[in-house]
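So this block is query26.cif, mmCIF, N, CA and C atoms:
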data_protein
#
loop_
_atom_site.group_PDB
_atom_site.id
_atom_site.type_symbol
_atom_site.label_atom_id
_atom_site.label_comp_id
_atom_site.auth_asym_id
_atom_site.auth_seq_id
_atom_site.Cartn_x
_atom_site.Cartn_y
_atom_site.Cartn_z
ATOM 1 N N MET A 1 -8.673 4.124 -13.064
ATOM 2 C CA MET A 1 -8.313 2.958 -12.264
ATOM 3 C C MET A 1 -6.922 3.167 -11.681
ATOM 4 N N LEU A 2 -6.811 3.035 -10.372
ATOM 5 C CA LEU A 2 -5.519 3.189 -9.719
ATOM 6 C C LEU A 2 -4.700 1.910 -9.871
ATOM 7 N N ASN A 3 -3.380 2.030 -9.841
ATOM 8 C CA ASN A 3 -2.559 0.843 -9.970
ATOM 9 C C ASN A 3 -2.295 0.174 -8.621
ATOM 10 N N ILE A 4 -2.799 0.739 -7.526
ATOM 11 C CA ILE A 4 -2.646 0.144 -6.198
ATOM 12 C C ILE A 4 -4.025 -0.034 -5.588
ATOM 13 N N LYS A 5 -4.256 -1.197 -4.983
ATOM 14 C CA LYS A 5 -5.528 -1.500 -4.333
ATOM 15 C C LYS A 5 -5.269 -1.973 -2.907
ATOM 16 N N LYS A 6 -6.328 -2.102 -2.149
ATOM 17 C CA LYS A 6 -6.237 -2.618 -0.792
ATOM 18 C C LYS A 6 -5.755 -4.067 -0.839
ATOM 19 N N LYS A 7 -4.943 -4.451 0.134
ATOM 20 C CA LYS A 7 -4.348 -5.787 0.285
ATOM 21 C C LYS A 7 -3.252 -6.091 -0.733
ATOM 22 N N ASP A 8 -2.777 -5.079 -1.473
ATOM 23 C CA ASP A 8 -1.636 -5.258 -2.369
ATOM 24 C C ASP A 8 -0.344 -5.166 -1.576
ATOM 25 N N LYS A 9 0.685 -5.856 -2.037
ATOM 26 C CA LYS A 9 2.009 -5.745 -1.446
ATOM 27 C C LYS A 9 2.732 -4.610 -2.157
ATOM 28 N N VAL A 10 3.265 -3.657 -1.385
ATOM 29 C CA VAL A 10 3.935 -2.494 -1.960
ATOM 30 C C VAL A 10 5.286 -2.289 -1.292
ATOM 31 N N VAL A 11 6.151 -1.529 -1.964
ATOM 32 C CA VAL A 11 7.440 -1.135 -1.415
ATOM 33 C C VAL A 11 7.462 0.386 -1.348
ATOM 34 N N VAL A 12 8.074 0.930 -0.273
ATOM 35 C CA VAL A 12 8.148 2.374 -0.077
ATOM 36 C C VAL A 12 9.353 2.901 -0.848
ATOM 37 N N LEU A 13 9.131 3.965 -1.632
ATOM 38 C CA LEU A 13 10.181 4.530 -2.484
ATOM 39 C C LEU A 13 10.911 5.705 -1.861
ATOM 40 N N ALA A 14 10.263 6.426 -0.929
ATOM 41 C CA ALA A 14 10.867 7.634 -0.384
ATOM 42 C C ALA A 14 10.492 7.787 1.081
ATOM 43 N N GLY A 15 11.299 8.540 1.809
ATOM 44 C CA GLY A 15 11.013 8.824 3.205
ATOM 45 C C GLY A 15 11.869 8.004 4.139
ATOM 46 N N LYS A 16 11.534 8.071 5.431
ATOM 47 C CA LYS A 16 12.352 7.398 6.448
ATOM 48 C C LYS A 16 12.264 5.881 6.367
ATOM 49 N N ASP A 17 11.212 5.355 5.740
ATOM 50 C CA ASP A 17 11.037 3.912 5.625
ATOM 51 C C ASP A 17 11.322 3.403 4.215
ATOM 52 N N LYS A 18 12.193 4.085 3.482
ATOM 53 C CA LYS A 18 12.517 3.728 2.108
ATOM 54 C C LYS A 18 13.042 2.289 2.039
ATOM 55 N N GLY A 19 12.474 1.506 1.116
ATOM 56 C CA GLY A 19 12.904 0.128 0.924
ATOM 57 C C GLY A 19 12.080 -0.903 1.670
ATOM 58 N N LYS A 20 11.263 -0.484 2.633
ATOM 59 C CA LYS A 20 10.455 -1.429 3.397
ATOM 60 C C LYS A 20 9.247 -1.873 2.588
ATOM 61 N N GLN A 21 8.831 -3.117 2.801
ATOM 62 C CA GLN A 21 7.667 -3.659 2.118
ATOM 63 C C GLN A 21 6.556 -3.928 3.122
ATOM 64 N N GLY A 22 5.320 -3.819 2.656
ATOM 65 C CA GLY A 22 4.172 -4.089 3.502
ATOM 66 C C GLY A 22 2.909 -4.196 2.674
ATOM 67 N N GLU A 23 1.811 -4.484 3.357
ATOM 68 C CA GLU A 23 0.517 -4.638 2.704
ATOM 69 C C GLU A 23 -0.323 -3.391 2.921
ATOM 70 N N VAL A 24 -1.068 -2.985 1.898
ATOM 71 C CA VAL A 24 -1.930 -1.805 1.998
ATOM 72 C C VAL A 24 -3.126 -2.155 2.874
ATOM 73 N N LEU A 25 -3.309 -1.414 3.981
ATOM 74 C CA LEU A 25 -4.419 -1.650 4.899
ATOM 75 C C LEU A 25 -5.617 -0.770 4.587
ATOM 76 N N LYS A 26 -5.369 0.506 4.307
ATOM 77 C CA LYS A 26 -6.434 1.470 4.027
ATOM 78 C C LYS A 26 -6.015 2.365 2.890
ATOM 79 N N MET A 27 -7.021 2.894 2.199
ATOM 80 C CA MET A 27 -6.759 3.858 1.136
ATOM 81 C C MET A 27 -7.636 5.080 1.363
ATOM 82 N N PHE A 28 -7.036 6.257 1.205
ATOM 83 C CA PHE A 28 -7.756 7.521 1.292
ATOM 84 C C PHE A 28 -7.702 8.150 -0.100
ATOM 85 N N PHE A 29 -8.785 7.999 -0.869
ATOM 86 C CA PHE A 29 -8.786 8.424 -2.267
ATOM 87 C C PHE A 29 -8.735 9.931 -2.421
ATOM 88 N N GLU A 30 -9.444 10.665 -1.550
ATOM 89 C CA GLU A 30 -9.483 12.118 -1.685
ATOM 90 C C GLU A 30 -8.114 12.738 -1.450
ATOM 91 N N GLU A 31 -7.389 12.235 -0.447
ATOM 92 C CA GLU A 31 -6.066 12.776 -0.125
ATOM 93 C C GLU A 31 -4.944 12.079 -0.904
ATOM 94 N N GLU A 32 -5.269 11.015 -1.654
ATOM 95 C CA GLU A 32 -4.302 10.208 -2.383
ATOM 96 C C GLU A 32 -3.216 9.677 -1.456
ATOM 97 N N LYS A 33 -3.641 9.033 -0.379
ATOM 98 C CA LYS A 33 -2.726 8.456 0.598
ATOM 99 C C LYS A 33 -3.119 7.019 0.893
ATOM 100 N N VAL A 34 -2.143 6.240 1.370
ATOM 101 C CA VAL A 34 -2.379 4.852 1.751
ATOM 102 C C VAL A 34 -1.753 4.591 3.119
ATOM 103 N N VAL A 35 -2.310 3.624 3.834
ATOM 104 C CA VAL A 35 -1.736 3.157 5.091
ATOM 105 C C VAL A 35 -1.165 1.777 4.818
ATOM 106 N N VAL A 36 0.138 1.619 5.059
ATOM 107 C CA VAL A 36 0.839 0.377 4.789
ATOM 108 C C VAL A 36 1.212 -0.268 6.115
ATOM 109 N N SER A 37 1.012 -1.585 6.222
ATOM 110 C CA SER A 37 1.308 -2.289 7.470
ATOM 111 C C SER A 37 2.807 -2.272 7.760
ATOM 112 N N LYS A 38 3.148 -2.050 9.011
ATOM 113 C CA LYS A 38 4.519 -2.064 9.526
ATOM 114 C C LYS A 38 5.417 -1.007 8.901
ATOM 115 N N VAL A 39 4.820 0.106 8.409
ATOM 116 C CA VAL A 39 5.591 1.182 7.779
ATOM 117 C C VAL A 39 5.065 2.519 8.291
ATOM 118 N N ALA A 40 5.932 3.494 8.462
ATOM 119 C CA ALA A 40 5.587 4.868 8.845
ATOM 120 C C ALA A 40 4.886 4.928 10.195
ATOM 121 N N PHE A 41 5.502 4.361 11.220
ATOM 122 C CA PHE A 41 4.935 4.403 12.564
ATOM 123 C C PHE A 41 5.070 5.790 13.176
ATOM 124 N N VAL A 42 4.012 6.242 13.852
ATOM 125 C CA VAL A 42 4.028 7.479 14.622
ATOM 126 C C VAL A 42 3.493 7.174 16.009
ATOM 127 N N LYS A 43 3.857 8.024 16.972
ATOM 128 C CA LYS A 43 3.379 7.829 18.341
ATOM 129 C C LYS A 43 2.211 8.754 18.611
ATOM 130 N N ARG A 44 1.167 8.223 19.223
ATOM 131 C CA ARG A 44 -0.025 8.989 19.570
ATOM 132 C C ARG A 44 -0.281 8.864 21.064
ATOM 133 N N HIS A 45 -0.554 9.996 21.705
ATOM 134 C CA HIS A 45 -0.900 10.003 23.118
ATOM 135 C C HIS A 45 -2.414 9.886 23.224
ATOM 136 N N THR A 46 -2.886 8.820 23.871
ATOM 137 C CA THR A 46 -4.330 8.603 23.962
ATOM 138 C C THR A 46 -4.783 8.677 25.410
ATOM 139 N N LYS A 47 -5.971 9.240 25.601
ATOM 140 C CA LYS A 47 -6.558 9.308 26.933
ATOM 141 C C LYS A 47 -7.128 7.959 27.312
ATOM 142 N N PRO A 48 -7.129 7.627 28.595
ATOM 143 C CA PRO A 48 -7.730 6.356 28.997
ATOM 144 C C PRO A 48 -9.252 6.397 28.858
ATOM 145 N N THR A 49 -9.811 5.266 28.457
ATOM 146 C CA THR A 49 -11.254 5.099 28.387
ATOM 147 C C THR A 49 -11.634 3.895 29.225
ATOM 148 N N GLN A 50 -12.909 3.531 29.214
ATOM 149 C CA GLN A 50 -13.337 2.379 29.999
ATOM 150 C C GLN A 50 -12.746 1.079 29.470
ATOM 151 N N ARG A 51 -12.491 1.032 28.165
ATOM 152 C CA ARG A 51 -11.970 -0.197 27.557
ATOM 153 C C ARG A 51 -10.463 -0.173 27.357
ATOM 154 N N ASP A 52 -9.885 1.018 27.255
ATOM 155 C CA ASP A 52 -8.488 1.159 26.893
ATOM 156 C C ASP A 52 -7.748 1.931 27.983
ATOM 157 N N PRO A 53 -6.591 1.424 28.447
ATOM 158 C CA PRO A 53 -5.885 2.139 29.514
ATOM 159 C C PRO A 53 -5.230 3.453 29.079
ATOM 160 N N GLY A 54 -5.092 3.683 27.788
ATOM 161 C CA GLY A 54 -4.471 4.919 27.322
ATOM 162 C C GLY A 54 -2.961 4.818 27.338
ATOM 163 N N GLY A 55 -2.287 5.942 27.136
ATOM 164 C CA GLY A 55 -0.836 5.976 27.114
ATOM 165 C C GLY A 55 -0.306 6.335 25.738
ATOM 166 N N ILE A 56 0.986 6.102 25.543
ATOM 167 C CA ILE A 56 1.617 6.403 24.263
ATOM 168 C C ILE A 56 1.555 5.145 23.404
ATOM 169 N N LYS A 57 0.882 5.240 22.264
ATOM 170 C CA LYS A 57 0.691 4.091 21.381
ATOM 171 C C LYS A 57 1.295 4.389 20.019
ATOM 172 N N GLU A 58 1.799 3.360 19.364
ATOM 173 C CA GLU A 58 2.335 3.495 18.019
ATOM 174 C C GLU A 58 1.322 2.970 17.018
ATOM 175 N N LYS A 59 1.171 3.696 15.910
ATOM 176 C CA LYS A 59 0.286 3.236 14.845
ATOM 177 C C LYS A 59 0.837 3.703 13.507
ATOM 178 N N GLU A 60 0.346 3.074 12.424
ATOM 179 C CA GLU A 60 0.797 3.441 11.087
ATOM 180 C C GLU A 60 0.129 4.732 10.651
ATOM 181 N N SER A 61 0.892 5.585 10.006
ATOM 182 C CA SER A 61 0.329 6.834 9.497
ATOM 183 C C SER A 61 0.230 6.738 7.975
ATOM 184 N N PRO A 62 -0.679 7.510 7.368
ATOM 185 C CA PRO A 62 -0.808 7.480 5.910
ATOM 186 C C PRO A 62 0.416 8.090 5.222
ATOM 187 N N ILE A 63 0.797 7.505 4.092
ATOM 188 C CA ILE A 63 1.864 8.067 3.276
ATOM 189 C C ILE A 63 1.314 8.274 1.861
ATOM 190 N N SER A 64 1.933 9.145 1.123
ATOM 191 C CA SER A 64 1.456 9.492 -0.213
ATOM 192 C C SER A 64 1.522 8.286 -1.141
ATOM 193 N N ILE A 65 0.499 8.170 -1.982
ATOM 194 C CA ILE A 65 0.424 7.046 -2.914
ATOM 195 C C ILE A 65 1.547 7.109 -3.946
ATOM 196 N N SER A 66 2.125 8.301 -4.157
ATOM 197 C CA SER A 66 3.229 8.439 -5.097
ATOM 198 C C SER A 66 4.543 7.909 -4.520
ATOM 199 N N ASN A 67 4.586 7.664 -3.219
ATOM 200 C CA ASN A 67 5.804 7.166 -2.585
ATOM 201 C C ASN A 67 5.811 5.657 -2.409
ATOM 202 N N VAL A 68 4.837 4.963 -2.972
ATOM 203 C CA VAL A 68 4.811 3.501 -2.905
ATOM 204 C C VAL A 68 4.685 2.934 -4.315
ATOM 205 N N MET A 69 5.204 1.718 -4.497
ATOM 206 C CA MET A 69 5.109 1.057 -5.793
ATOM 207 C C MET A 69 4.678 -0.388 -5.582
ATOM 208 N N LEU A 70 3.829 -0.857 -6.464
ATOM 209 C CA LEU A 70 3.293 -2.203 -6.404
ATOM 210 C C LEU A 70 4.387 -3.238 -6.607
ATOM 211 N N VAL A 71 4.320 -4.353 -5.836
ATOM 212 C CA VAL A 71 5.258 -5.458 -5.975
ATOM 213 C C VAL A 71 4.498 -6.627 -6.600
ATOM 214 N N CYS A 72 5.040 -7.171 -7.677
ATOM 215 C CA CYS A 72 4.405 -8.298 -8.366
ATOM 216 C C CYS A 72 4.444 -9.529 -7.461
ATOM 217 N N PRO A 73 3.301 -10.225 -7.266
ATOM 218 C CA PRO A 73 3.308 -11.400 -6.402
ATOM 219 C C PRO A 73 4.103 -12.575 -6.978
ATOM 220 N N LYS A 74 4.265 -12.640 -8.299
ATOM 221 C CA LYS A 74 4.969 -13.771 -8.897
ATOM 222 C C LYS A 74 6.482 -13.561 -8.904
ATOM 223 N N CYS A 75 6.946 -12.446 -9.514
ATOM 224 C CA CYS A 75 8.390 -12.217 -9.626
ATOM 225 C C CYS A 75 8.963 -11.455 -8.440
ATOM 226 N N ASN A 76 8.102 -10.928 -7.552
ATOM 227 C CA ASN A 76 8.511 -10.245 -6.317
ATOM 228 C C ASN A 76 9.404 -9.039 -6.590
ATOM 229 N N LYS A 77 9.125 -8.321 -7.705
ATOM 230 C CA LYS A 77 9.874 -7.118 -8.041
ATOM 231 C C LYS A 77 8.907 -5.943 -8.123
ATOM 232 N N PRO A 78 9.330 -4.746 -7.662
ATOM 233 C CA PRO A 78 8.450 -3.582 -7.785
ATOM 234 C C PRO A 78 8.370 -3.116 -9.232
ATOM 235 N N ASN A 79 7.157 -2.756 -9.659
ATOM 236 C CA ASN A 79 6.982 -2.240 -11.011
ATOM 237 C C ASN A 79 5.699 -1.436 -11.108
ATOM 238 N N ARG A 80 5.595 -0.674 -12.178
ATOM 239 C CA ARG A 80 4.370 0.054 -12.481
ATOM 240 C C ARG A 80 3.594 -0.807 -13.465
ATOM 241 N N PRO A 81 2.441 -1.344 -13.055
ATOM 242 C CA PRO A 81 1.749 -2.291 -13.935
ATOM 243 C C PRO A 81 1.126 -1.600 -15.145
ATOM 244 N N LYS A 82 0.981 -2.377 -16.209
ATOM 245 C CA LYS A 82 0.242 -1.877 -17.368
ATOM 246 C C LYS A 82 -1.162 -2.458 -17.307
ATOM 247 N N PHE A 83 -2.074 -1.837 -18.017
ATOM 248 C CA PHE A 83 -3.467 -2.258 -18.004
ATOM 249 C C PHE A 83 -3.831 -2.850 -19.359
ATOM 250 N N ASP A 84 -4.406 -4.051 -19.317
ATOM 251 C CA ASP A 84 -4.866 -4.722 -20.522
ATOM 252 C C ASP A 84 -6.325 -5.088 -20.354
ATOM 253 N N LYS A 85 -6.988 -5.297 -21.486
ATOM 254 C CA LYS A 85 -8.369 -5.766 -21.455
ATOM 255 C C LYS A 85 -8.397 -7.238 -21.832
ATOM 256 N N LEU A 86 -9.175 -8.015 -21.069
ATOM 257 C CA LEU A 86 -9.355 -9.418 -21.387
ATOM 258 C C LEU A 86 -10.372 -9.553 -22.514
ATOM 259 N N SER A 87 -10.582 -10.780 -22.967
ATOM 260 C CA SER A 87 -11.521 -11.005 -24.067
ATOM 261 C C SER A 87 -12.961 -10.652 -23.698
ATOM 262 N N ASP A 88 -13.289 -10.736 -22.388
ATOM 263 C CA ASP A 88 -14.645 -10.376 -21.960
ATOM 264 C C ASP A 88 -14.785 -8.880 -21.675
ATOM 265 N N GLY A 89 -13.732 -8.094 -21.913
ATOM 266 C CA GLY A 89 -13.797 -6.645 -21.738
ATOM 267 C C GLY A 89 -13.381 -6.158 -20.361
ATOM 268 N N LYS A 90 -12.991 -7.064 -19.461
ATOM 269 C CA LYS A 90 -12.585 -6.679 -18.113
ATOM 270 C C LYS A 90 -11.173 -6.109 -18.136
ATOM 271 N N LYS A 91 -10.955 -5.014 -17.418
ATOM 272 C CA LYS A 91 -9.659 -4.351 -17.353
ATOM 273 C C LYS A 91 -8.851 -4.971 -16.213
ATOM 274 N N VAL A 92 -7.608 -5.396 -16.483
ATOM 275 C CA VAL A 92 -6.763 -6.037 -15.480
ATOM 276 C C VAL A 92 -5.387 -5.389 -15.458
ATOM 277 N N ARG A 93 -4.693 -5.567 -14.323
ATOM 278 C CA ARG A 93 -3.323 -5.082 -14.188
ATOM 279 C C ARG A 93 -2.370 -6.216 -14.566
ATOM 280 N N VAL A 94 -1.319 -5.880 -15.301
ATOM 281 C CA VAL A 94 -0.365 -6.875 -15.766
ATOM 282 C C VAL A 94 1.047 -6.405 -15.405
ATOM 283 N N CYS A 95 1.856 -7.320 -14.883
ATOM 284 C CA CYS A 95 3.246 -7.008 -14.545
ATOM 285 C C CYS A 95 4.037 -6.766 -15.826
ATOM 286 N N ARG A 96 4.819 -5.700 -15.850
ATOM 287 C CA ARG A 96 5.616 -5.386 -17.037
ATOM 288 C C ARG A 96 6.849 -6.279 -17.148
ATOM 289 N N LYS A 97 7.295 -6.867 -16.047
ATOM 290 C CA LYS A 97 8.534 -7.642 -16.061
ATOM 291 C C LYS A 97 8.302 -9.113 -16.390
ATOM 292 N N CYS A 98 7.229 -9.718 -15.813
ATOM 293 C CA CYS A 98 6.997 -11.140 -16.033
ATOM 294 C C CYS A 98 5.738 -11.419 -16.848
ATOM 295 N N GLY A 99 4.858 -10.422 -17.044
ATOM 296 C CA GLY A 99 3.661 -10.594 -17.844
ATOM 297 C C GLY A 99 2.508 -11.257 -17.123
ATOM 298 N N GLU A 100 2.626 -11.481 -15.837
ATOM 299 C CA GLU A 100 1.574 -12.145 -15.053
ATOM 300 C C GLU A 100 0.463 -11.154 -14.698
ATOM 301 N N ILE A 101 -0.779 -11.657 -14.689
ATOM 302 C CA ILE A 101 -1.929 -10.820 -14.291
ATOM 303 C C ILE A 101 -1.900 -10.661 -12.774
ATOM 304 N N ILE A 102 -2.018 -9.420 -12.299
ATOM 305 C CA ILE A 102 -2.021 -9.108 -10.862
ATOM 306 C C ILE A 102 -3.464 -8.983 -10.416
ATOM 307 N N VAL A 103 -3.857 -9.847 -9.492
ATOM 308 C CA VAL A 103 -5.245 -9.866 -9.021
ATOM 309 C C VAL A 103 -5.436 -8.867 -7.913
#
Kindly present the structure from the file in structure tokens form.
Amino acid sequence: MLNIKKKDKVVVLAGKDKGKQGEVLKMFFEEEKVVVSKVAFVKRHTKPTQRDPGGIKEKESPISISNVMLVCPKCNKPNRPKFDKLSDGKKVRVCRKCGEIIV
């Protein structure tokens, strides 16, 4: 079980966007990379199509999952969550700083 999922709030730990926060939009499990909103913008030159005029467009690029850390929604601090089992046997992520279950 990974400690980061889609739609989680994360903070970037390394690179040109160090310290920025955003939401995970996509995950690439094989490459161990994530796409974070409003982080790691790159420029792409696109050809015009019938629907799109083309030109130079900016989009988010994938960054390594090791360069991001989960931010607790309650205490709003980055941490590496621990995993606990509930009474029904379900595995959940728990914040190490405030003890809140991260959904």
Can you list, as a list in words, the residues that the PyMOL selection byres ((chain A and resi 72-77) around 7) selects here? Lys9, Leu70, Val71, Pro78, Asn79, Cys95, Cys98 and Ile102 of chain A
So the first atom is atom N of A:Lys33 and the second is atom C of A:Leu2; what is the distance between them in Å, to one decimal place?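 Spanning atom N of A:Lys33 to atom C of A:Leu2 is a straight-line distance of 11.9 Å.
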For the structure provided, state which residues fall under the PyMOL selection byres ((chain A and resi 32) around 7), and present them as a list in words. Met27, Phe28, Phe29, Glu30, Glu31, Lys33, Val34, Ile63, Ser64, Ile65 and Ser66 of chain A
What would the selection look like, as an MDAnalysis selection string, if the PyMOL selection byres ((chain A and resi 12) around 6.5) were run on the coordinates I just shared? chainID A and resid 10:11 13:14 17:22 67:69
As a PyMOL selection string, list the residues of stretch 2-99 of chain A assigned to strand (DSSP E or B) by DSSP on the backbone atoms of this structure. chain A and resi 9-12+21-28+33-36+41-46+55-60+63-64+68-71+78+82-85+91-94
Rounded to one decimal, what separation in Å do you get between atom CA of A:Ser61 and atom CA of A:Pro48?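 A separation of 21.1 Å between them.
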One decimal, in Å: what's the spacing between atom C of A:Asn3 and atom CA of A:Val103?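 Calculated distance between atom C of A:Asn3 and atom CA of A:Val103 is 10.5 Å.
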Can you pull out the residues contacting A:Leu25? Cut-off 8 Å, using only N, CA and C atoms, and skip same-chain residues under 5 positions away; I want them as a list in words.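 Skipping anything fewer than 5 positions along the chain leaves Lys5, Lys6, Lys7, Asp8, Val34, Val35, Val36 and Ser37 of chain A.
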Could you list, as a compact mmCIF listing (two decimals) with N, CA and C atoms, in the coordinates of the input, every residue within 6.5 Å of A:Glu60, counting all atoms listed in the file and ignoring same-chain residues fewer than 2 positions away?
# COMPACT_ATOMS: atom_id res chain seq x y z
N VAL A 35 -2.31 3.62 3.83
CA VAL A 35 -1.74 3.16 5.09
C VAL A 35 -1.16 1.78 4.82
N VAL A 36 0.14 1.62 5.06
CA VAL A 36 0.84 0.38 4.79
C VAL A 36 1.21 -0.27 6.12
N LYS A 38 3.15 -2.05 9.01
CA LYS A 38 4.52 -2.06 9.53
C LYS A 38 5.42 -1.01 8.90
N VAL A 39 4.82 0.11 8.41
CA VAL A 39 5.59 1.18 7.78
C VAL A 39 5.07 2.52 8.29
N ALA A 40 5.93 3.49 8.46
CA ALA A 40 5.59 4.87 8.85
C ALA A 40 4.89 4.93 10.20
N PHE A 41 5.50 4.36 11.22
CA PHE A 41 4.93 4.40 12.56
C PHE A 41 5.07 5.79 13.18
N VAL A 42 4.01 6.24 13.85
CA VAL A 42 4.03 7.48 14.62
C VAL A 42 3.49 7.17 16.01
N GLU A 58 1.80 3.36 19.36
CA GLU A 58 2.34 3.50 18.02
C GLU A 58 1.32 2.97 17.02
N PRO A 62 -0.68 7.51 7.37
CA PRO A 62 -0.81 7.48 5.91
C PRO A 62 0.42 8.09 5.22
Take every atom of stretch 76-84 of chain A listed in the file, pad by 3 Å on each side, and give me the axis-aligned box centre and edge lengths in Å, one decimal, as AutoDock Vina command-line options.
--center_x 1.8 --center_y -5.4 --center_z -13.4 --size_x 22.2 --size_y 17.0 --size_z 20.2
With distances taken over only C-alpha atoms, which of A:Arg51, A:Arg44, A:Arg80, A:Lys85 is nearest to A:Lys97? A:Arg80
